[in-house]
Each structure stands twice: as structure tokens, then as C-alpha cells.
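Source file: model30.json. Holds: JSON, C-alpha atoms.
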```
[["chain", "number", "residue", "atom", "x", "y", "z"],
["T", 43, "MET", "CA", 0.00, 0.00, 0.00],
["T", 44, "ASN", "CA", 3.05, 2.30, 0.18],
["T", 45, "CYS", "CA", 2.77, 3.27, -3.49],
["T", 46, "LEU", "CA", -0.85, 4.33, -2.96],
["T", 47, "ARG", "CA", -0.20, 6.62, -0.02],
["T", 48, "GLY", "CA", 0.66, 10.25, -0.46],
["T", 49, "THR", "CA", -1.33, 11.15, -3.60],
["T", 50, "PRO", "CA", -4.48, 13.10, -2.66],
["T", 51, "SER", "CA", -6.77, 11.52, -5.29],
["T", 52, "MET", "CA", -5.72, 8.01, -4.25],
["T", 53, "ASN", "CA", -6.46, 8.67, -0.58],
["T", 54, "ILE", "CA", -10.09, 9.53, -1.35],
["T", 55, "GLY", "CA", -10.48, 6.29, -3.28],
["T", 56, "ILE", "CA", -9.14, 4.08, -0.50],
["T", 57, "LEU", "CA", -11.62, 5.44, 2.02],
["T", 58, "SER", "CA", -14.54, 4.42, -0.15],
["T", 59, "PHE", "CA", -13.12, 1.04, -1.18],
["T", 60, "GLN", "CA", -13.43, -1.93, 1.14],
["T", 61, "ARG", "CA", -10.23, -2.81, 2.93],
["T", 62, "ARG", "CA", -10.45, -6.53, 2.15],
["T", 63, "PHE", "CA", -10.55, -6.06, -1.60],
["T", 64, "LEU", "CA", -7.55, -3.74, -1.77],
["T", 65, "HIS", "CA", -5.09, -6.57, -2.37],
["T", 66, "THR", "CA", -6.98, -7.69, -5.51],
["T", 67, "LEU", "CA", -6.34, -4.42, -7.32],
["T", 68, "ARG", "CA", -3.61, -4.12, -9.87],
["T", 69, "ARG", "CA", -0.69, -1.92, -8.82],
["T", 70, "PRO", "CA", -0.47, 0.97, -9.31],
["T", 71, "PHE", "CA", -4.27, 1.39, -9.22],
["T", 72, "ILE", "CA", -5.62, 4.69, -10.43],
["T", 73, "PHE", "CA", -8.73, 5.51, -8.40],
["T", 74, "PRO", "CA", -11.30, 7.69, -10.18],
["T", 75, "LYS", "CA", -11.18, 11.37, -9.35],
["T", 76, "PRO", "CA", -14.07, 12.76, -7.31],
["T", 77, "LEU", "CA", -16.89, 14.34, -9.35],
["T", 78, "LYS", "CA", -17.36, 18.09, -9.42],
["T", 79, "GLY", "CA", -20.13, 19.20, -7.14],
["T", 80, "PRO", "CA", -21.05, 21.71, -4.47],
["T", 81, "LYS", "CA", -18.23, 22.17, -2.01],
["T", 82, "CYS", "CA", -20.03, 22.02, 1.29],
["T", 83, "LYS", "CA", -20.36, 19.75, 4.28],
["T", 84, "ASN", "CA", -24.04, 18.96, 3.89],
["T", 85, "VAL", "CA", -24.84, 18.19, 0.26],
["T", 86, "VAL", "CA", -28.37, 17.05, 1.02],
["T", 87, "ALA", "CA", -29.26, 20.40, 2.57],
["T", 88, "GLU", "CA", -28.00, 22.16, -0.59],
["T", 89, "TYR", "CA", -30.24, 20.06, -2.83],
["T", 90, "GLU", "CA", -33.21, 20.50, -0.51],
["T", 91, "LYS", "CA", -32.76, 24.27, -0.68],
["T", 92, "LYS", "CA", -32.55, 24.06, -4.48],
["T", 93, "TYR", "CA", -35.83, 22.10, -4.70],
["T", 94, "GLN", "CA", -37.58, 24.46, -2.33],
["T", 95, "ASN", "CA", -36.47, 27.52, -4.29],
["T", 96, "SER", "CA", -37.58, 26.02, -7.58],
["T", 97, "VAL", "CA", -41.10, 25.25, -6.32],
["T", 98, "ASP", "CA", -41.63, 28.16, -3.94],
["T", 99, "VAL", "CA", -40.27, 30.99, -6.08],
["T", 100, "ASN", "CA", -41.28, 34.04, -4.04],
["T", 101, "GLY", "CA", -40.97, 32.31, -0.70],
["T", 102, "GLU", "CA", -44.76, 32.55, -0.16],
["T", 103, "ARG", "CA", -45.26, 29.08, 1.21],
["T", 104, "PHE", "CA", -42.21, 29.41, 3.43],
["T", 105, "GLN", "CA", -43.55, 32.66, 4.88],
["T", 106, "MET", "CA", -46.93, 31.10, 5.44],
["T", 107, "PHE", "CA", -45.79, 28.01, 7.32],
["T", 108, "HIS", "CA", -42.24, 28.11, 8.62],
["T", 109, "ARG", "CA", -41.66, 28.29, 12.34],
["T", 110, "SER", "CA", -39.35, 31.29, 12.06],
["T", 111, "GLN", "CA", -41.96, 33.57, 10.45],
["T", 112, "LYS", "CA", -43.90, 35.90, 12.72],
["T", 113, "ASP", "CA", -47.02, 36.05, 10.53],
["T", 114, "ARG", "CA", -47.25, 32.33, 9.93],
["T", 115, "VAL", "CA", -50.51, 30.42, 9.87],
["T", 116, "ARG", "CA", -51.40, 29.01, 13.30],
["T", 117, "PRO", "CA", -53.25, 25.75, 13.98],
["T", 118, "GLY", "CA", -56.95, 26.42, 14.20],
["T", 119, "ALA", "CA", -57.02, 28.58, 11.08],
["T", 120, "VAL", "CA", -59.30, 27.79, 8.15],
["T", 121, "LEU", "CA", -57.41, 27.26, 4.90],
["T", 122, "LEU", "CA", -58.56, 26.71, 1.33],
["T", 123, "VAL", "CA", -56.28, 24.63, -0.89],
["T", 124, "GLU", "CA", -56.74, 24.79, -4.66],
["T", 125, "SER", "CA", -54.86, 22.09, -6.55],
["T", 126, "TYR", "CA", -54.63, 20.87, -10.14],
["T", 127, "SER", "CA", -56.32, 17.48, -10.39],
["T", 128, "LYS", "CA", -54.45, 16.53, -13.57],
["T", 129, "TYR", "CA", -50.96, 17.89, -12.98],
["T", 130, "PRO", "CA", -48.95, 18.83, -15.11],
["T", 131, "LEU", "CA", -52.06, 19.86, -17.09],
["T", 132, "LYS", "CA", -53.21, 23.00, -15.30],
["T", 133, "GLU", "CA", -56.86, 22.65, -16.21],
["T", 134, "SER", "CA", -59.28, 21.27, -13.64],
["T", 135, "ILE", "CA", -58.97, 22.64, -10.14],
["T", 136, "ASN", "CA", -59.80, 20.70, -7.01],
["T", 137, "ARG", "CA", -60.77, 22.57, -3.87],
["T", 138, "PHE", "CA", -60.48, 21.44, -0.28],
["T", 139, "ALA", "CA", -60.99, 23.67, 2.72],
["T", 140, "GLY", "CA", -60.65, 22.84, 6.37],
["T", 141, "TYR", "CA", -59.29, 23.62, 9.80],
["T", 142, "LEU", "CA", -55.53, 23.43, 10.16],
["T", 143, "LEU", "CA", -54.76, 20.75, 12.74],
["T", 144, "ARG", "CA", -50.98, 20.72, 12.52],
["T", 145, "VAL", "CA", -47.97, 21.70, 10.47],
["T", 146, "ARG", "CA", -45.36, 18.99, 10.14],
["T", 147, "HIS", "CA", -41.90, 20.56, 9.68],
["T", 148, "ARG", "CA", -39.57, 18.33, 7.63],
["T", 149, "GLY", "CA", -37.74, 20.76, 5.33],
["T", 150, "PRO", "CA", -38.89, 20.35, 1.71],
["T", 151, "LYS", "CA", -41.21, 17.51, 2.74],
["T", 152, "SER", "CA", -43.10, 19.66, 5.25],
["T", 153, "SER", "CA", -46.83, 19.10, 5.24],
["T", 154, "PHE", "CA", -49.97, 20.41, 6.89],
["T", 155, "LEU", "CA", -53.15, 18.65, 7.95],
["T", 156, "LEU", "CA", -56.61, 20.01, 7.20],
["T", 157, "ARG", "CA", -59.80, 18.61, 8.66],
["T", 158, "ASN", "CA", -63.30, 19.18, 7.36],
["T", 159, "ASN", "CA", -66.78, 17.70, 7.68],
["T", 160, "VAL", "CA", -67.91, 16.61, 4.22],
["T", 161, "MET", "CA", -71.54, 15.44, 4.09],
["T", 162, "GLY", "CA", -71.42, 14.40, 7.73],
["T", 163, "VAL", "CA", -68.16, 12.46, 7.41],
["T", 164, "GLY", "CA", -64.93, 13.85, 8.85],
["T", 165, "VAL", "CA", -62.20, 14.00, 6.21],
["T", 166, "GLU", "CA", -58.56, 14.82, 6.86],
["T", 167, "VAL", "CA", -56.07, 15.61, 4.12],
["T", 168, "LEU", "CA", -52.34, 15.94, 4.66],
["T", 169, "PHE", "CA", -50.95, 18.28, 1.97],
["T", 170, "PRO", "CA", -47.24, 18.65, 1.20],
["T", 171, "ILE", "CA", -46.46, 22.38, 1.47],
["T", 172, "TYR", "CA", -44.02, 22.53, -1.45],
["T", 173, "SER", "CA", -46.04, 20.45, -3.89],
["T", 174, "PRO", "CA", -46.19, 21.95, -7.41],
["T", 175, "GLN", "CA", -49.63, 20.35, -7.78],
["T", 176, "ILE", "CA", -51.03, 22.83, -5.29],
["T", 177, "LYS", "CA", -52.05, 26.00, -7.08],
["T", 178, "SER", "CA", -52.68, 28.20, -4.06],
["T", 179, "ILE", "CA", -53.27, 28.13, -0.31],
["T", 180, "THR", "CA", -55.48, 30.92, 1.06],
["T", 181, "VAL", "CA", -56.29, 31.70, 4.66],
["T", 182, "LEU", "CA", -60.06, 32.07, 5.01],
["T", 183, "LYS", "CA", -59.99, 32.70, 8.74],
["T", 184, "ASP", "CA", -57.04, 33.28, 11.06],
["T", 185, "ASN", "CA", -58.66, 31.46, 13.94],
["T", 186, "GLY", "CA", -61.74, 29.34, 13.34],
["T", 187, "ILE", "CA", -61.97, 28.16, 16.92],
["T", 188, "SER", "CA", -63.56, 30.34, 19.59],
["T", 189, "LYS", "CA", -60.58, 30.20, 21.94],
["T", 190, "ARG", "CA", -57.01, 30.58, 20.71],
["T", 191, "PRO", "CA", -55.69, 26.98, 20.59],
["T", 192, "ARG", "CA", -52.87, 26.40, 23.04],
["T", 193, "ARG", "CA", -51.44, 23.45, 21.21],
["T", 194, "ALA", "CA", -49.46, 22.79, 18.04],
["T", 195, "TYR", "CA", -51.35, 19.61, 17.14],
["T", 196, "LEU", "CA", -55.09, 19.94, 17.62],
["T", 197, "SER", "CA", -55.93, 16.25, 17.59],
["T", 198, "TYR", "CA", -58.64, 16.85, 20.23],
["T", 199, "LEU", "CA", -60.83, 18.39, 17.52],
["T", 200, "ARG", "CA", -61.52, 14.88, 16.23],
["T", 201, "GLN", "CA", -63.63, 14.17, 19.31],
["T", 202, "PRO", "CA", -67.38, 14.49, 18.73],
["T", 203, "ARG", "CA", -67.83, 17.09, 21.49],
["T", 204, "PHE", "CA", -65.86, 19.66, 19.49],
["T", 205, "ARG", "CA", -68.29, 20.47, 16.74],
["T", 206, "LEU", "CA", -66.46, 22.73, 14.36],
["T", 207, "ALA", "CA", -68.41, 25.41, 12.51],
["T", 208, "PRO", "CA", -68.97, 24.49, 8.84],
["T", 209, "VAL", "CA", -66.41, 25.79, 6.42],
["T", 210, "GLU", "CA", -68.66, 25.96, 3.31],
["T", 211, "PRO", "CA", -70.05, 29.48, 3.92],
["T", 212, "LEU", "CA", -66.50, 30.85, 4.19],
["T", 213, "VAL", "CA", -65.54, 29.16, 0.93],
["T", 214, "ARG", "CA", -68.64, 30.48, -0.82],
["T", 215, "LYS", "CA", -67.94, 34.03, 0.39],
["T", 216, "TYR", "CA", -64.38, 33.79, -0.88],
["T", 217, "MET", "CA", -65.45, 32.45, -4.30],
["T", 218, "GLU", "CA", -68.05, 35.21, -4.72],
["T", 219, "ALA", "CA", -65.56, 37.88, -3.76],
["T", 220, "LYS", "CA", -63.11, 36.38, -6.24],
["T", 221, "ARG", "CA", -65.65, 36.45, -9.08],
["T", 222, "LYS", "CA", -66.15, 40.17, -8.59],
["V", 290, "MET", "CA", -57.05, -1.72, 5.70],
["V", 291, "ILE", "CA", -60.19, -3.83, 5.83],
["V", 292, "GLY", "CA", -59.61, -7.47, 6.64],
["V", 293, "LEU", "CA", -61.48, -10.42, 8.08],
["V", 294, "LYS", "CA", -63.96, -9.29, 10.73],
["V", 295, "GLY", "CA", -63.69, -5.64, 9.71],
["V", 296, "ILE", "CA", -66.97, -3.78, 9.98],
["V", 297, "LEU", "CA", -68.00, -1.42, 7.20],
["V", 298, "LYS", "CA", -70.79, 1.07, 6.95],
["V", 299, "VAL", "CA", -72.97, 0.56, 3.90],
["V", 300, "ILE", "CA", -73.70, 3.87, 2.21],
["V", 301, "ASP", "CA", -76.09, 2.93, -0.57],
["V", 302, "ASN", "CA", -79.86, 2.50, -0.54],
["V", 303, "SER", "CA", -79.83, -1.31, -0.79],
["V", 304, "GLY", "CA", -81.20, -1.59, 2.75],
["V", 305, "ALA", "CA", -78.12, -2.69, 4.65],
["V", 306, "THR", "CA", -76.50, -0.40, 7.20],
["V", 307, "LEU", "CA", -73.56, -2.42, 8.57],
["V", 308, "ALA", "CA", -71.59, -5.18, 6.91],
["V", 309, "GLU", "CA", -68.80, -7.40, 8.17],
["V", 310, "CYS", "CA", -65.97, -8.43, 5.90],
["V", 311, "ILE", "CA", -65.44, -12.17, 5.58],
["V", 312, "ARG", "CA", -63.05, -12.27, 2.68],
["V", 313, "VAL", "CA", -60.83, -9.96, 0.67],
["V", 314, "VAL", "CA", -61.17, -10.88, -3.00],
["V", 315, "ARG", "CA", -57.70, -9.90, -4.18],
["V", 316, "ALA", "CA", -54.54, -11.63, -3.00],
["V", 317, "GLY", "CA", -53.44, -10.24, 0.33],
["V", 318, "GLN", "CA", -54.73, -9.76, 3.81],
["V", 319, "PHE", "CA", -56.29, -6.31, 3.64],
["V", 320, "ALA", "CA", -58.51, -4.35, 1.32],
["V", 321, "SER", "CA", -58.19, -0.65, 0.59],
["V", 322, "VAL", "CA", -60.42, 1.79, -1.29],
["V", 323, "GLY", "CA", -61.51, 0.33, -4.62],
["V", 324, "ASP", "CA", -60.93, -3.29, -3.60],
["V", 325, "GLU", "CA", -63.66, -5.88, -3.68],
["V", 326, "VAL", "CA", -64.63, -7.62, -0.50],
["V", 327, "VAL", "CA", -67.14, -10.33, 0.46],
["V", 328, "VAL", "CA", -69.41, -9.17, 3.29],
["V", 329, "VAL", "CA", -72.17, -10.43, 5.53],
["V", 330, "VAL", "CA", -74.93, -7.97, 6.25],
["V", 331, "LYS", "CA", -74.99, -7.41, 10.01],
["V", 332, "LYS", "CA", -77.65, -4.75, 10.25],
["V", 333, "SER", "CA", -80.29, -3.56, 7.87],
["V", 334, "ARG", "CA", -82.73, -0.68, 7.97],
["V", 335, "THR", "CA", -85.81, -1.41, 10.06],
["V", 336, "GLY", "CA", -89.26, 0.08, 10.02],
["V", 337, "PRO", "CA", -92.80, -0.76, 8.91],
["V", 338, "ASN", "CA", -92.49, 0.10, 5.22],
["V", 339, "ILE", "CA", -88.72, 0.03, 4.87],
["V", 340, "ALA", "CA", -88.24, -3.68, 5.66],
["V", 341, "THR", "CA", -90.25, -4.82, 2.65],
["V", 342, "ALA", "CA", -88.55, -2.32, 0.36],
["V", 343, "ASN", "CA", -85.06, -3.53, 1.32],
["V", 344, "LYS", "CA", -83.19, -5.42, -1.38],
["V", 345, "VAL", "CA", -80.93, -6.97, 1.16],
["V", 346, "LYS", "CA", -81.62, -8.63, 4.53],
["V", 347, "ARG", "CA", -79.62, -9.31, 7.66],
["V", 348, "GLY", "CA", -77.43, -12.37, 7.20],
["V", 349, "ASP", "CA", -77.14, -12.09, 3.41],
["V", 350, "ILE", "CA", -73.74, -12.54, 1.83],
["V", 351, "HIS", "CA", -72.78, -10.09, -0.88],
["V", 352, "HIS", "CA", -69.78, -8.62, -2.60],
["V", 353, "ALA", "CA", -68.92, -5.03, -1.80],
["V", 354, "VAL", "CA", -66.47, -2.37, -2.90],
["V", 355, "VAL", "CA", -64.64, -0.48, -0.18],
["V", 356, "VAL", "CA", -65.26, 3.19, -0.66],
["V", 357, "ARG", "CA", -63.76, 4.98, 2.40],
["V", 358, "THR", "CA", -61.09, 3.91, 4.84],
["V", 359, "LYS", "CA", -59.83, 5.25, 8.10],
["V", 360, "PHE", "CA", -56.35, 4.22, 7.03],
["V", 361, "PRO", "CA", -54.71, 7.06, 5.06],
["V", 362, "LEU", "CA", -54.60, 6.74, 1.28],
["V", 363, "ARG", "CA", -51.53, 8.06, -0.49],
["V", 364, "ARG", "CA", -52.02, 10.12, -3.63],
["V", 365, "ALA", "CA", -49.38, 10.59, -6.33],
["V", 366, "ASP", "CA", -48.16, 14.00, -5.18],
["V", 367, "GLY", "CA", -47.60, 12.84, -1.62],
["V", 368, "ARG", "CA", -50.86, 13.92, -0.09],
["V", 369, "TYR", "CA", -52.75, 11.60, 2.23],
["V", 370, "VAL", "CA", -56.53, 11.40, 2.58],
["V", 371, "ARG", "CA", -58.20, 9.86, 5.59],
["V", 372, "PHE", "CA", -61.86, 9.47, 6.44],
["V", 373, "ASP", "CA", -63.40, 9.07, 9.89],
["V", 374, "ASP", "CA", -64.95, 5.70, 9.13],
["V", 375, "ASN", "CA", -64.81, 2.66, 6.84],
["V", 376, "ALA", "CA", -67.58, 2.39, 4.28],
["V", 377, "CYS", "CA", -68.58, 0.21, 1.36],
["V", 378, "VAL", "CA", -71.16, -0.12, -1.39],
["V", 379, "LEU", "CA", -72.79, -3.50, -2.06],
["V", 380, "VAL", "CA", -72.27, -4.85, -5.57],
["V", 381, "ASN", "CA", -73.17, -7.98, -7.48],
["V", 382, "LYS", "CA", -70.75, -10.36, -9.21],
["V", 383, "ASP", "CA", -70.50, -8.06, -12.24],
["V", 384, "ARG", "CA", -69.37, -5.17, -10.01],
["V", 385, "GLU", "CA", -72.61, -3.32, -10.53],
["V", 386, "PRO", "CA", -74.16, -1.66, -7.48],
["V", 387, "ILE", "CA", -77.16, -3.39, -5.93],
["V", 388, "GLY", "CA", -78.60, -0.10, -4.71],
["V", 389, "THR", "CA", -79.51, 2.77, -6.99],
["V", 390, "ARG", "CA", -78.03, 5.69, -5.07],
["V", 391, "ILE", "CA", -74.97, 6.39, -2.97],
["V", 392, "LEU", "CA", -75.69, 8.54, 0.04],
["V", 393, "SER", "CA", -72.36, 9.92, 1.15],
["V", 394, "VAL", "CA", -68.79, 10.95, 0.30],
["V", 395, "VAL", "CA", -66.55, 8.60, -1.57],
["V", 396, "ALA", "CA", -62.78, 8.53, -2.27],
["V", 397, "ASN", "CA", -61.47, 9.47, -5.69],
["V", 398, "GLU", "CA", -59.46, 6.25, -5.93],
["V", 399, "LEU", "CA", -62.57, 4.52, -7.29],
["V", 400, "ARG", "CA", -62.06, 6.25, -10.63],
["V", 401, "MET", "CA", -58.53, 4.90, -10.93],
["V", 402, "LYS", "CA", -59.64, 1.38, -10.08],
["V", 403, "ASN", "CA", -62.33, 1.08, -12.79],
["V", 404, "HIS", "CA", -65.31, 1.79, -10.56],
["V", 405, "THR", "CA", -66.39, 4.81, -12.58],
["V", 406, "LYS", "CA", -70.08, 3.99, -12.14],
["V", 407, "LEU", "CA", -69.79, 4.18, -8.36],
["V", 408, "ALA", "CA", -67.76, 7.37, -8.54],
["V", 409, "SER", "CA", -70.36, 9.00, -10.79],
["V", 410, "LEU", "CA", -73.27, 7.92, -8.54],
["V", 411, "ALA", "CA", -71.63, 9.48, -5.50],
["V", 412, "PRO", "CA", -72.82, 12.96, -4.49],
["V", 413, "ARG", "CA", -69.31, 14.02, -3.56],
["V", 414, "THR", "CA", -65.81, 12.66, -4.05],
["V", 415, "VAL", "CA", -62.69, 13.73, -2.17]]
```
What's the C-alpha cells form of this structure?
Amino acid sequence: MNCLRGTPSMNIGILSFQRRFLHTLRRPFIFPKPLKGPKCKNVVAEYEKKYQNSVDVNGERFQMFHRSQKDRVRPGAVLLVESYSKYPLKESINRFAGYLLRVRHRGPKSSFLLRNNVMGVGVEVLFPIYSPQIKSITVLKDNGISKRPRRAYLSYLRQPRFRLAPVEPLVRKYMEAKRK
Amino acid sequence: MIGLKGILKVIDNSGATLAECIRVVRAGQFASVGDEVVVVVKKSRTGPNIATANKVKRGDIHHAVVVRTKFPLRRADGRYVRFDDNACVLVNKDREPIGTRILSVVANELRMKNHTKLASLAPRTV
């Protein structure tokens, strides 16, 4: 192994190659040079940032949901999500509105949970925040619950004794205002 | 995830209200939305005029298509949909519904799994 020590490119190769197979290589073995890429400690974080910037161009979704933002959406708010049902065709739009139960912070895979009562059945949808299939997320009401919720995950709203006010009238108001 | 002994709400007007799964038709242990299931009718609608109008009685064995699950369903863009209960619609061997109307919400997965008739009968899909 003396001939392989000393050269910088060779040292990188040895670290990635299993020790027990080293003797089977021909000598001198020329290890491939490392590929060009971002020079940073955490490559995954760089690519996550890249994805987030490509989907969330003006930083709107980040401002709406991230923990560090002062004017972020709080759990208990009523949100309306408009999404393309046949992405990448931007034709038919699907609408779902509901109470925000929680925001799940996982970088580019962050998601938020909306709960609504559709025809008497409770429906919960977990939307990825940075999904390009989502056209827009609008806040219909900052706090749909009478008291300010003192929790980050409002799972107690699933219990039958918390009857949430219907969301349909808010959606209708918003759609009428939009038409004008 | 409906398996043996799983209880499903019946949301069509065939007359049944609760059904218990006795067999999942496709290979595997559990059924999801859009899968066919063999059920026994556990409860049917009662009443003076309703009982005679029912197409289906307690104890009957029918096929059914699962239409809502409490277990979250994953959509292609990474969103998950979950309902508060498990529900089904009774069908015959040709996958046609026994009832004539569907009374409640239904998952969109039915369209992808060739149950377009059920999806179109439903008043609302999510």
C-alpha cells in the first residue's frame, strides 16, 4: 500500500473502497477522481434548498408556514387549498378547505393537515407544502376556533364534542368575492 | 385496511347499514379503497315500510367495494386522505351496485380502479 499513499486523489479512493478487496487491485491502481459538485459539508441540505427555491419561487409558502416567520398560519385557522387534479395539465382545479390541525416541519417535505366535515363524514387531508400540484393556499380565517388553541397539534378536535363550525359558507364568500 | 372481521358502513340504498368483511377478493390480507370484499350484512334498515322495500336482509352474503377507509390513502403527489370511518357499497358479481343511489362521500381512488359507475353515482368525491 506504500505506493498508494501520499497522492491526494488516491487517498479519497481508498476510504470508499473496502479494505479486504484492496489486495486484488492491480498496482499501481488509479482511483477515479471525485466528481465536481457543491463544495459544502451537507450536500443534502443544498439540494433540498434548491428544490424548495424552484417550487416556492417568491418564498410565499415558506412565509406562510415556517416556524421562524412571525405572521405564519397558526393551527386552528381555516385554509382553502386549490390544486390541479391533472398535474402537469393546469386545467381542472380541485378545492379542499378545512381547519388546520398541525404543520409537520420536515424541510422540503413539510406538510400540513386540514380537517373538514364533508356530508357528515370527517375528512382529513395531509398536503405537502411545497407540492407543485397545489395552485394556491389561502387563509379564510385566522382562527376558526372560539378560543385561541394552546397546542401545536389539535388532535382533540376529532372528538365528537368539538363540533367545528362548517367551512362551506367561508368558501362560498371567498369564491363570490373572487368572481367580482 | 379492511380485513377479516372488519366492519364497514354501507352507504347505498340497498337496505343494509352495517356489513362485516369475511373475505378480501384480491390476494393479500387487507382491502383498501376500490378493492372488492365479500361481506355479511350485520344490520339492515328497520321500520314498517322500509323492511319490505329492502333489497338486502340481515345475514345475506354479498360482494362489496370499499369506498372509504380510516387508514390514510396516499395520492401521487404525496398527499394523504383519511376518512373518519370505513364504508362500502354493495355490488353484485358483475361489479354493478345493488342499490340505486350512494348517500355519502366517496374517495377518488374509485375512478382509478375502474369503478367509474360508483364514482359518478356518488354525491361528492374527495
Within 10 Å of chain V, which residues belong to chain T? Use only C-alpha atoms and report them as a list in words.
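The answer, sorted by residue number, is Tyr129, Asn136, Arg137, Phe138, Lys151, Ser153, Phe154, Leu155, Leu156, Arg157, Asn158, Asn159, Val160, Met161, Gly162, Val163, Gly164, Val165, Glu166, Val167, Leu168, Phe169, Pro170, Ile171, Ser173, Pro174, Gln175, Ile176 and Arg200 of chain T.
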Which residues are close to stretch 378-390 of chain V, i.e. within 12 Å by all atoms listed in the file, leaving aside same-chain residues fewer than 3 positions away? Reply as a PyMOL selection string.
chain V and resi 297-310+314+322-330+342-345+349-357+375+393-395+399+402-412
Separation of atom CA of T:Tyr126 from atom CA of T:Ser178 in Å
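Between atom CA of T:Ser178 and atom CA of T:Tyr126 the gap works out to 9.7 Å.
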Just the number, please: distance in Å from atom CA of T:Leu212 to atom CA of T:Leu182, one decimal.
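Those two atoms sit 6.6 Å apart.
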What does the distance between atom CA of T:Gly118 and atom CA of T:Pro191 come to in Å, to one decimal place?
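It comes out at 6.5 Å.
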Residues of stretch 134-191 of chain T that approach stretch 69-93 of chain T to 9 Å or less, counting all atoms listed in the file: could you list each one with the shortest pair of atoms and its distance in Å to one decimal, rows by chain and increasing residue number, as JSON lines?
```
{"residue": "T:Gly149", "atom": "CA", "partner": "T:Glu90", "partner_atom": "CA", "distance": 7.4}
{"residue": "T:Pro150", "atom": "CA", "partner": "T:Glu90", "partner_atom": "CA", "distance": 6.1}
{"residue": "T:Tyr172", "atom": "CA", "partner": "T:Tyr93", "partner_atom": "CA", "distance": 8.8}
```
Give me the residues within 8 Å of stretch 107-116 of chain T as a short mmCIF file (atom, residue, chain, number, x, y, z; two decimals) with C-alpha atoms, in the coordinates of the input, counting only C-alpha atoms and dropping any in the same chain fewer than 5 places off.
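Written out: around31.cif:
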```cif
data_model
loop_
_atom_site.label_atom_id
_atom_site.label_comp_id
_atom_site.auth_asym_id
_atom_site.auth_seq_id
_atom_site.Cartn_x
_atom_site.Cartn_y
_atom_site.Cartn_z
CA LEU T 142 -55.53 23.43 10.16
CA VAL T 145 -47.97 21.70 10.47
CA HIS T 147 -41.90 20.56 9.68
CA VAL T 181 -56.29 31.70 4.66
CA ASP T 184 -57.04 33.28 11.06
CA ASN T 185 -58.66 31.46 13.94
#
```
Would you mind completing stretch 58-69 of chain T so that it carries N, CA, C and O atoms, and writing it out as a PDB file, in the frame of the given file?
```
ATOM      1  N   SER T  58     -13.243   4.925   0.286  1.00  0.00           N
ATOM      2  CA  SER T  58     -14.540   4.420  -0.150  1.00  0.00           C
ATOM      3  C   SER T  58     -14.462   2.963  -0.578  1.00  0.00           C
ATOM      4  O   SER T  58     -15.464   2.325  -0.803  1.00  0.00           O
ATOM      5  N   PHE T  59     -13.274   2.405  -0.689  1.00  0.00           N
ATOM      6  CA  PHE T  59     -13.120   1.040  -1.180  1.00  0.00           C
ATOM      7  C   PHE T  59     -12.913   0.113   0.005  1.00  0.00           C
ATOM      8  O   PHE T  59     -12.202   0.423   0.926  1.00  0.00           O
ATOM      9  N   GLN T  60     -13.528  -1.040  -0.015  1.00  0.00           N
ATOM     10  CA  GLN T  60     -13.430  -1.930   1.140  1.00  0.00           C
ATOM     11  C   GLN T  60     -12.006  -2.444   1.327  1.00  0.00           C
ATOM     12  O   GLN T  60     -11.327  -2.828   0.382  1.00  0.00           O
ATOM     13  N   ARG T  61     -11.597  -2.448   2.565  1.00  0.00           N
ATOM     14  CA  ARG T  61     -10.230  -2.810   2.930  1.00  0.00           C
ATOM     15  C   ARG T  61      -9.878  -4.206   2.427  1.00  0.00           C
ATOM     16  O   ARG T  61      -8.793  -4.473   1.977  1.00  0.00           O
ATOM     17  N   ARG T  62     -10.815  -5.154   2.465  1.00  0.00           N
ATOM     18  CA  ARG T  62     -10.450  -6.530   2.150  1.00  0.00           C
ATOM     19  C   ARG T  62     -10.242  -6.781   0.666  1.00  0.00           C
ATOM     20  O   ARG T  62      -9.706  -7.796   0.271  1.00  0.00           O
ATOM     21  N   PHE T  63     -10.739  -5.861  -0.172  1.00  0.00           N
ATOM     22  CA  PHE T  63     -10.550  -6.060  -1.600  1.00  0.00           C
ATOM     23  C   PHE T  63      -9.324  -5.331  -2.149  1.00  0.00           C
ATOM     24  O   PHE T  63      -8.996  -5.438  -3.314  1.00  0.00           O
ATOM     25  N   LEU T  64      -8.660  -4.567  -1.288  1.00  0.00           N
ATOM     26  CA  LEU T  64      -7.550  -3.740  -1.770  1.00  0.00           C
ATOM     27  C   LEU T  64      -6.448  -4.565  -2.404  1.00  0.00           C
ATOM     28  O   LEU T  64      -5.819  -4.153  -3.361  1.00  0.00           O
ATOM     29  N   HIS T  65      -6.225  -5.789  -1.872  1.00  0.00           N
ATOM     30  CA  HIS T  65      -5.090  -6.570  -2.370  1.00  0.00           C
ATOM     31  C   HIS T  65      -5.375  -7.129  -3.771  1.00  0.00           C
ATOM     32  O   HIS T  65      -4.487  -7.570  -4.456  1.00  0.00           O
ATOM     33  N   THR T  66      -6.668  -7.129  -4.198  1.00  0.00           N
ATOM     34  CA  THR T  66      -6.980  -7.690  -5.510  1.00  0.00           C
ATOM     35  C   THR T  66      -6.753  -6.697  -6.648  1.00  0.00           C
ATOM     36  O   THR T  66      -6.791  -7.054  -7.816  1.00  0.00           O
ATOM     37  N   LEU T  67      -6.517  -5.431  -6.280  1.00  0.00           N
ATOM     38  CA  LEU T  67      -6.340  -4.420  -7.320  1.00  0.00           C
ATOM     39  C   LEU T  67      -4.978  -4.550  -7.960  1.00  0.00           C
ATOM     40  O   LEU T  67      -4.033  -4.975  -7.336  1.00  0.00           O
ATOM     41  N   ARG T  68      -4.919  -4.142  -9.224  1.00  0.00           N
ATOM     42  CA  ARG T  68      -3.610  -4.120  -9.870  1.00  0.00           C
ATOM     43  C   ARG T  68      -2.836  -2.923  -9.340  1.00  0.00           C
ATOM     44  O   ARG T  68      -3.416  -1.934  -8.917  1.00  0.00           O
ATOM     45  N   ARG T  69      -1.488  -3.034  -9.327  1.00  0.00           N
ATOM     46  CA  ARG T  69      -0.690  -1.920  -8.820  1.00  0.00           C
ATOM     47  C   ARG T  69       0.136  -1.326  -9.931  1.00  0.00           C
ATOM     48  O   ARG T  69       0.758  -2.064 -10.673  1.00  0.00           O
TER      49      ARG T  69
END
```
